[in-house]
Amino acid sequence: MSEEMKKDNDVLLSVKGLEVVYTSAGAVVHAVNGVSMEVKRGQSLGLVGETGAGKTTIAKSILGILPDPPAKVLGGEIILDGEDLLKTSEKEMRKIRGKKISMIFQDPMTALNPLMTVGDQIAEVISLHEHCSKKEAMDKAMEMLEMVGIPAERYPEFPYQFSGGMKQRVVIAIALACNPELLLADEPTTALDVTIQAQVMDMIADLQKKLNTAMILITHDLGIVAESCDTVAVIYAGEIVELASKEDLFLHPAHPYTIGLFGSIPSMAEDVDRLTPIPGLPTNPEKLPEGCHFHPRCSKCTAKCTSGDIPFVEVSPNHFVRCACCGAE
Amino acid sequence: MSVQKETVKRSKKESMTIITLRRLKKNKTAIAGLIILLMVLIMALIAPYVAPYDETQTDLFNNFASPSLEHPFGTDELGRDILSRLMVGSRDSLRIGLISVAFSSVIGIALGSVCGYFGGKIDSVVMRLMDIFQALPPLIMAIAVCAVLGAGIDNCIISITISGIPGYVRMARASVLNIRKMEYLEAATAINCTVPQIIIKHILPNALAPLIVQITMGVATNILSASNLSFIGLGVQPPNPEWGAMLSAGRNYIRNYPHMVMFPGITIMLCVLSLNMLGDGLRDALDPKLKD
């Protein structure tokens, strides 16, 4: 794909000012606060952040499967192919869910129905979306199994007969069975060990290239981001604090939080006795601090940080940072 | 590839019913249960033609007879042949037991899974209704139903069905609540299953194990509660025979003529045991994790 083509209005998904809250027992939890991002066709965006930063909530709101009552989308737009998903009816959503957008779940151990053969579970999504006979769906399911590297003979086996890595492959096969345009991978490798992680990520990247699928990869593992993403968004307390191309982010991290994250990774090159962690705990999303949400933990905190809106500034082309101390001045 | 696909397809077609049956066949207890159950059912079907005596014919010179060649199970207080009464009585008893359990389990499981799945208002309303049903003793309930609809077997079935529902609702709800949290339901939503599809295809099969046991036990309980109703004159009307009624009638003579309770008791026990054994085996055969 040439550079021009990428630049051409090839934006598949754009999220603008997304806001999601959870209400539980009277308390309002601000899970996502005005997240805006774009994903281009065939590209992948990494969402990185601590547990509870709102990564999964973002993915689920894109797919429209947030559990409402507790969760509520307050505002924003999620535009896929020119269509605002937050405004589409549930009936229209049904055509999109699983077909245009699909999701890989975190834990393959529980993401498969233990009483259905793996083949049937793949065939299920196919027959839900393609108008085809049962036999065609089965054939397609077998193809999908082969594609993720599982012999088609294992179609009639049950999830318990598969190892964790193979189950995750089945989950991936289900997600890719209808050639989705957008794949939401919610920590696809968290439950797997390192060698299998590499295999699974390689496979996802391969299939993504083959099917020209865009991907949002949710993870807290910067190593995986380095391997398989084009752009990275760092999320803190439901906000994107830094958005940049992978190279920019890894070479010139600008936000103190991003720098802190890198400081917490053991380095192979240098001999360091102690890592430098980020002090403190993630903010309580019920009472977000004024100003920059990160300021209570930030070593570079100044008076500017503690109140008002923090601008999202472009420190270099296509590299945005939400920090009062970095950038334009 | 195509050959391979063929084999896969064949084994796949097998995988559902045939594998279950094959696994059931390996389970000797389940097969024994199935055979006994079939025998009871066949007996119920052909009873009027093969019963040695008319089940309502009294013979007062020959009452309380002990088992003999003439009356293999003896006779009751009016000299009626117990074997014939057991055989003919199986029709009403089985009808009451099986039909009421079928209805109350289907209704109960449907309500329970809806409650468990949706929670919230529907859940509270239905569960409070069930509380009311459970607060009334089943017998009072049955009397109320019969007072409105009149006595008779059909109304007896209706009242037993109603008093059986809350148990199934509770159990199904608890089971569904457990499964509700599972990620594969979220995954099913994400690939766009509709709610009925999710409940029927993904939740119920996983929630069924404890329910199967409850259902097989339910048949026995219901045969016995039918006898309670018969006892107060609301169920099967005398002189028509019915197992539970025979059991309670024989209770008065248990000291001197134990055969009057023994044979109906054994019959009920055999019937229930066979259902239990079959139910247990079926539950195991349906669980892929216990394969082979």
# chains A, B, ... in the order shown; residues from 1 in each chain; ligands from 1
>>> interface_residues(of="chain A", to="chain B", cutoff="8 Å", atoms="only C-alpha atoms", output="PDB file with C-alpha atoms, in the first residue's frame")
ATOM      1  CA  LEU A  63     -19.058  -2.587  19.835  1.00  0.00           C
ATOM      2  CA  ILE A  65     -22.060  -4.119  24.281  1.00  0.00           C
ATOM      3  CA  ARG A  94     -26.762  -6.271  14.806  1.00  0.00           C
ATOM      4  CA  LYS A  95     -25.544  -6.177  11.235  1.00  0.00           C
ATOM      5  CA  ARG A  97     -21.529  -6.475  15.405  1.00  0.00           C
ATOM      6  CA  GLY A  98     -19.537  -9.573  14.575  1.00  0.00           C
ATOM      7  CA  LYS A  99     -19.546  -8.701  10.902  1.00  0.00           C
ATOM      8  CA  SER A 102     -15.477  -8.129  16.031  1.00  0.00           C
ATOM      9  CA  MET A 103     -13.696  -8.660  19.264  1.00  0.00           C
ATOM     10  CA  PHE A 105     -11.631 -11.550  24.316  1.00  0.00           C
ATOM     11  CA  ASP A 107      -9.438 -14.926  28.524  1.00  0.00           C
ATOM     12  CA  THR A 110     -13.877 -18.560  29.565  1.00  0.00           C
ATOM     13  CA  ALA A 111     -14.613 -16.985  26.196  1.00  0.00           C
ATOM     14  CA  LEU A 112     -15.712 -20.283  24.656  1.00  0.00           C
ATOM     15  CA  ASN A 113     -18.894 -22.109  25.517  1.00  0.00           C
ATOM     16  CA  PRO A 114     -17.736 -25.358  27.151  1.00  0.00           C
ATOM     17  CA  LEU A 115     -20.669 -27.338  25.793  1.00  0.00           C
ATOM     18  CA  VAL A 125     -21.018 -16.481  13.834  1.00  0.00           C
ATOM     19  CA  LEU A 128     -25.551 -15.423  11.919  1.00  0.00           C
ATOM     20  CA  ASP A 139     -16.998 -25.536   5.493  1.00  0.00           C
ATOM     21  CA  ALA A 152      -9.909 -29.144  10.390  1.00  0.00           C
ATOM     22  CA  GLU A 153     -10.456 -32.610  11.858  1.00  0.00           C
ATOM     23  CA  ARG A 154     -10.660 -31.016  15.246  1.00  0.00           C
ATOM     24  CA  TYR A 155     -13.929 -29.334  14.323  1.00  0.00           C
ATOM     25  CA  PRO A 156     -16.059 -31.672  16.478  1.00  0.00           C
ATOM     26  CA  PHE A 158     -14.814 -29.376  22.682  1.00  0.00           C
ATOM     27  CA  TYR A 160     -11.582 -28.500  27.103  1.00  0.00           C
ATOM     28  CA  ALA A 175     -13.435 -12.985  15.487  1.00  0.00           C
TER      29      ALA A 175
END
>>> select_by_dssp(residues="region 28-203 of chain A", states="strand (DSSP E or B)", output="PyMOL selection string")
chain A and resi 28-40+44-49+71-80+83-84+97+101-104+182-186
>>> residues_around(residues="Met87 (chain B)", least_positions_apart="4", cutoff="7 Å", atoms="only C-alpha atoms", output="PDB file with N, CA and C atoms, in the first residue's frame")
ATOM      1  N   MET B  43     -45.904 -51.438  30.492  1.00  0.00           N
ATOM      2  CA  MET B  43     -46.943 -51.988  31.360  1.00  0.00           C
ATOM      3  C   MET B  43     -48.144 -51.044  31.406  1.00  0.00           C
ATOM      4  N   ALA B  44     -47.859 -49.748  31.516  1.00  0.00           N
ATOM      5  CA  ALA B  44     -48.957 -48.784  31.580  1.00  0.00           C
ATOM      6  C   ALA B  44     -49.784 -48.834  30.293  1.00  0.00           C
ATOM      7  N   ALA B  47     -51.702 -52.368  30.176  1.00  0.00           N
ATOM      8  CA  ALA B  47     -52.277 -52.849  31.427  1.00  0.00           C
ATOM      9  C   ALA B  47     -53.714 -53.396  31.305  1.00  0.00           C
ATOM     10  N   ALA B  51     -53.960 -57.279  32.573  1.00  0.00           N
ATOM     11  CA  ALA B  51     -54.189 -57.391  34.013  1.00  0.00           C
ATOM     12  C   ALA B  51     -55.044 -58.633  34.298  1.00  0.00           C
ATOM     13  N   LEU B  83     -52.041 -56.592  42.206  1.00  0.00           N
ATOM     14  CA  LEU B  83     -51.246 -56.569  40.971  1.00  0.00           C
ATOM     15  C   LEU B  83     -52.010 -55.845  39.864  1.00  0.00           C
TER      16      LEU B  83
END
>>> select_by_dssp(residues="region 24-241 of chain B", states="helix (DSSP H, G or I)", output="NGL selection string")
:B and (24-26 or 28-50 or 60-62 or 82-118 or 120-135 or 138-149 or 153-180 or 183-190 or 195-231)
>>> residues_around(residues="Glu19 (chain A)", least_positions_apart="5", cutoff="8 Å", atoms="only C-alpha atoms", output="list in words")
His30, Ala31, Val32, Asn33, Gly34, Val35, Val73, Leu74, Gly75 and Gly76 of chain A
>>> atom_distance(atom1="CA of Pro285 (chain A)", atom2="CA of Thr88 (chain A)")
28.8 Å
>>> residues_around(residues="region 47-59 of chain A", least_positions_apart="6", cutoff="6 Å", atoms="only C-alpha atoms", output="MDAnalysis selection string")
chainID A and resid 31:32 217:220 233:238
>>> residues_around(residues="Phe61 (chain B)", least_positions_apart="6", cutoff="12 Å", atoms="only C-alpha atoms", output="number ranges by chain")
B: 75-80
>>> write_last_selection(atoms="C-alpha atoms", output="compact mmCIF listing (two decimals), in the first residue's frame")
# COMPACT_ATOMS: atom_id res chain seq x y z
CA THR B 75 -55.55 -58.38 47.74
CA ASP B 76 -56.55 -55.20 49.55
CA GLU B 77 -59.19 -54.48 52.16
CA LEU B 78 -62.00 -54.96 49.62
CA GLY B 79 -60.46 -58.04 48.05
CA ARG B 80 -59.29 -56.26 44.91
>>> atom_distance(atom1="CA of Lys26 (chain B)", atom2="CA of Ser105 (chain B)")
27.7 Å
>>> closest_residue(among="A:His293, A:Lys40, A:Lys100, A:Lys287", to="Cys229 (chain A)", atoms="only C-alpha atoms")
A:Lys40
>>> closest_residue(among="A:Val21, A:Leu207, A:Tyr257, A:Ser267", to="Gly280 (chain A)", atoms="only C-alpha atoms")
A:Tyr257
>>> residues_around(residues="Met144 (chain A)", least_positions_apart="6", cutoff="12 Å", atoms="only C-alpha atoms", output="list in words")
Val118, Gly119, Asp120, Gln121, Ile122, Ala123, Val125, Ile126, Ala137, Met138, Ile150, Pro151, Ala152, Arg154, Tyr155, Arg169, Val170, Val171, Ile172, Ala173, Ile174, Ala175, Leu176, Ala177, Cys178, Asn179 and Leu207 of chain A
>>> closest_residue(among="B:Leu224, B:Leu41, B:Cys146, B:Ile109", to="Arg170 (chain B)", atoms="only C-alpha atoms")
B:Ile109
>>> atom_distance(atom1="CA of Val321 (chain A)", atom2="CA of Glu181 (chain A)")
28.4 Å
>>> closest_residue(among="A:Ile79, A:Ala226, A:Ile104, A:Leu249", to="Val200 (chain A)", atoms="only C-alpha atoms")
A:Ile104
>>> decode(residues="region 29-63 of chain B", atoms="N, CA and C atoms", output="CSV table (one decimal), in the first residue's frame")
chain,number,residue,atom,x,y,z
B,29,THR,N,-25.6,-48.3,34.7
B,29,THR,CA,-26.8,-47.9,35.6
B,29,THR,C,-27.8,-47.2,34.7
B,30,ALA,N,-27.4,-46.3,33.9
B,30,ALA,CA,-28.3,-45.6,33.1
B,30,ALA,C,-29.2,-46.5,32.2
B,31,ILE,N,-28.5,-47.5,31.6
B,31,ILE,CA,-29.2,-48.5,30.8
B,31,ILE,C,-30.2,-49.3,31.6
B,32,ALA,N,-29.8,-49.7,32.8
B,32,ALA,CA,-30.7,-50.4,33.7
B,32,ALA,C,-31.9,-49.5,34.0
B,33,GLY,N,-31.7,-48.2,34.3
B,33,GLY,CA,-32.8,-47.3,34.5
B,33,GLY,C,-33.7,-47.2,33.3
B,34,LEU,N,-33.1,-47.1,32.1
B,34,LEU,CA,-33.9,-47.0,30.9
B,34,LEU,C,-34.8,-48.2,30.7
B,35,ILE,N,-34.2,-49.4,31.0
B,35,ILE,CA,-34.9,-50.6,30.8
B,35,ILE,C,-36.1,-50.7,31.7
B,36,ILE,N,-35.9,-50.4,33.0
B,36,ILE,CA,-37.0,-50.4,34.0
B,36,ILE,C,-38.0,-49.4,33.6
B,37,LEU,N,-37.6,-48.2,33.2
B,37,LEU,CA,-38.6,-47.2,32.8
B,37,LEU,C,-39.4,-47.6,31.7
B,38,LEU,N,-38.7,-48.2,30.7
B,38,LEU,CA,-39.5,-48.7,29.5
B,38,LEU,C,-40.5,-49.8,29.9
B,39,MET,N,-40.0,-50.7,30.8
B,39,MET,CA,-41.0,-51.7,31.2
B,39,MET,C,-42.2,-51.1,31.9
B,40,VAL,N,-42.0,-50.1,32.7
B,40,VAL,CA,-43.1,-49.5,33.4
B,40,VAL,C,-44.0,-48.9,32.4
B,41,LEU,N,-43.4,-48.2,31.4
B,41,LEU,CA,-44.2,-47.5,30.4
B,41,LEU,C,-45.0,-48.5,29.6
B,42,ILE,N,-44.4,-49.6,29.2
B,42,ILE,CA,-45.1,-50.6,28.4
B,42,ILE,C,-46.2,-51.2,29.2
B,43,MET,N,-45.9,-51.4,30.5
B,43,MET,CA,-46.9,-52.0,31.4
B,43,MET,C,-48.1,-51.0,31.4
B,44,ALA,N,-47.9,-49.7,31.5
B,44,ALA,CA,-49.0,-48.8,31.6
B,44,ALA,C,-49.8,-48.8,30.3
B,45,LEU,N,-49.1,-49.0,29.2
B,45,LEU,CA,-49.8,-49.0,27.9
B,45,LEU,C,-50.7,-50.2,27.8
B,46,ILE,N,-50.2,-51.4,28.1
B,46,ILE,CA,-51.0,-52.6,27.9
B,46,ILE,C,-51.8,-53.1,29.1
B,47,ALA,N,-51.7,-52.4,30.2
B,47,ALA,CA,-52.3,-52.8,31.4
B,47,ALA,C,-53.7,-53.4,31.3
B,48,PRO,N,-54.6,-52.7,30.7
B,48,PRO,CA,-56.0,-53.2,30.7
B,48,PRO,C,-56.2,-54.5,30.0
B,49,TYR,N,-55.3,-54.8,29.1
B,49,TYR,CA,-55.4,-56.1,28.4
B,49,TYR,C,-54.8,-57.3,29.1
B,50,VAL,N,-53.8,-57.0,29.9
B,50,VAL,CA,-53.0,-58.1,30.5
B,50,VAL,C,-53.3,-58.3,32.0
B,51,ALA,N,-54.0,-57.3,32.6
B,51,ALA,CA,-54.2,-57.4,34.0
B,51,ALA,C,-55.0,-58.6,34.3
B,52,PRO,N,-54.6,-59.4,35.3
B,52,PRO,CA,-55.3,-60.7,35.5
B,52,PRO,C,-56.8,-60.5,36.0
B,53,TYR,N,-57.1,-59.5,36.7
B,53,TYR,CA,-58.4,-59.2,37.2
B,53,TYR,C,-58.9,-57.9,36.8
B,54,ASP,N,-60.2,-57.6,37.0
B,54,ASP,CA,-60.7,-56.3,36.8
B,54,ASP,C,-60.2,-55.5,38.1
B,55,GLU,N,-59.6,-54.3,37.9
B,55,GLU,CA,-59.0,-53.6,39.0
B,55,GLU,C,-60.0,-53.1,40.0
B,56,THR,N,-61.3,-53.0,39.6
B,56,THR,CA,-62.3,-52.5,40.6
B,56,THR,C,-63.2,-53.6,41.2
B,57,GLN,N,-62.9,-54.8,40.7
B,57,GLN,CA,-63.8,-55.9,41.2
B,57,GLN,C,-63.5,-56.3,42.6
B,58,THR,N,-64.5,-56.2,43.5
B,58,THR,CA,-64.2,-56.5,44.9
B,58,THR,C,-64.6,-58.0,45.1
B,59,ASP,N,-64.0,-58.5,46.2
B,59,ASP,CA,-64.2,-59.9,46.5
B,59,ASP,C,-64.1,-60.0,48.0
B,60,LEU,N,-65.2,-59.7,48.7
B,60,LEU,CA,-65.1,-59.5,50.2
B,60,LEU,C,-64.8,-60.8,51.0
B,61,PHE,N,-65.0,-61.9,50.3
B,61,PHE,CA,-64.6,-63.2,51.0
B,61,PHE,C,-63.1,-63.4,51.0
B,62,ASN,N,-62.5,-62.7,50.2
B,62,ASN,CA,-61.1,-62.9,50.0
B,62,ASN,C,-60.3,-61.7,50.2
B,63,ASN,N,-60.7,-60.8,51.2
B,63,ASN,CA,-59.9,-59.6,51.4
B,63,ASN,C,-58.7,-59.8,52.2
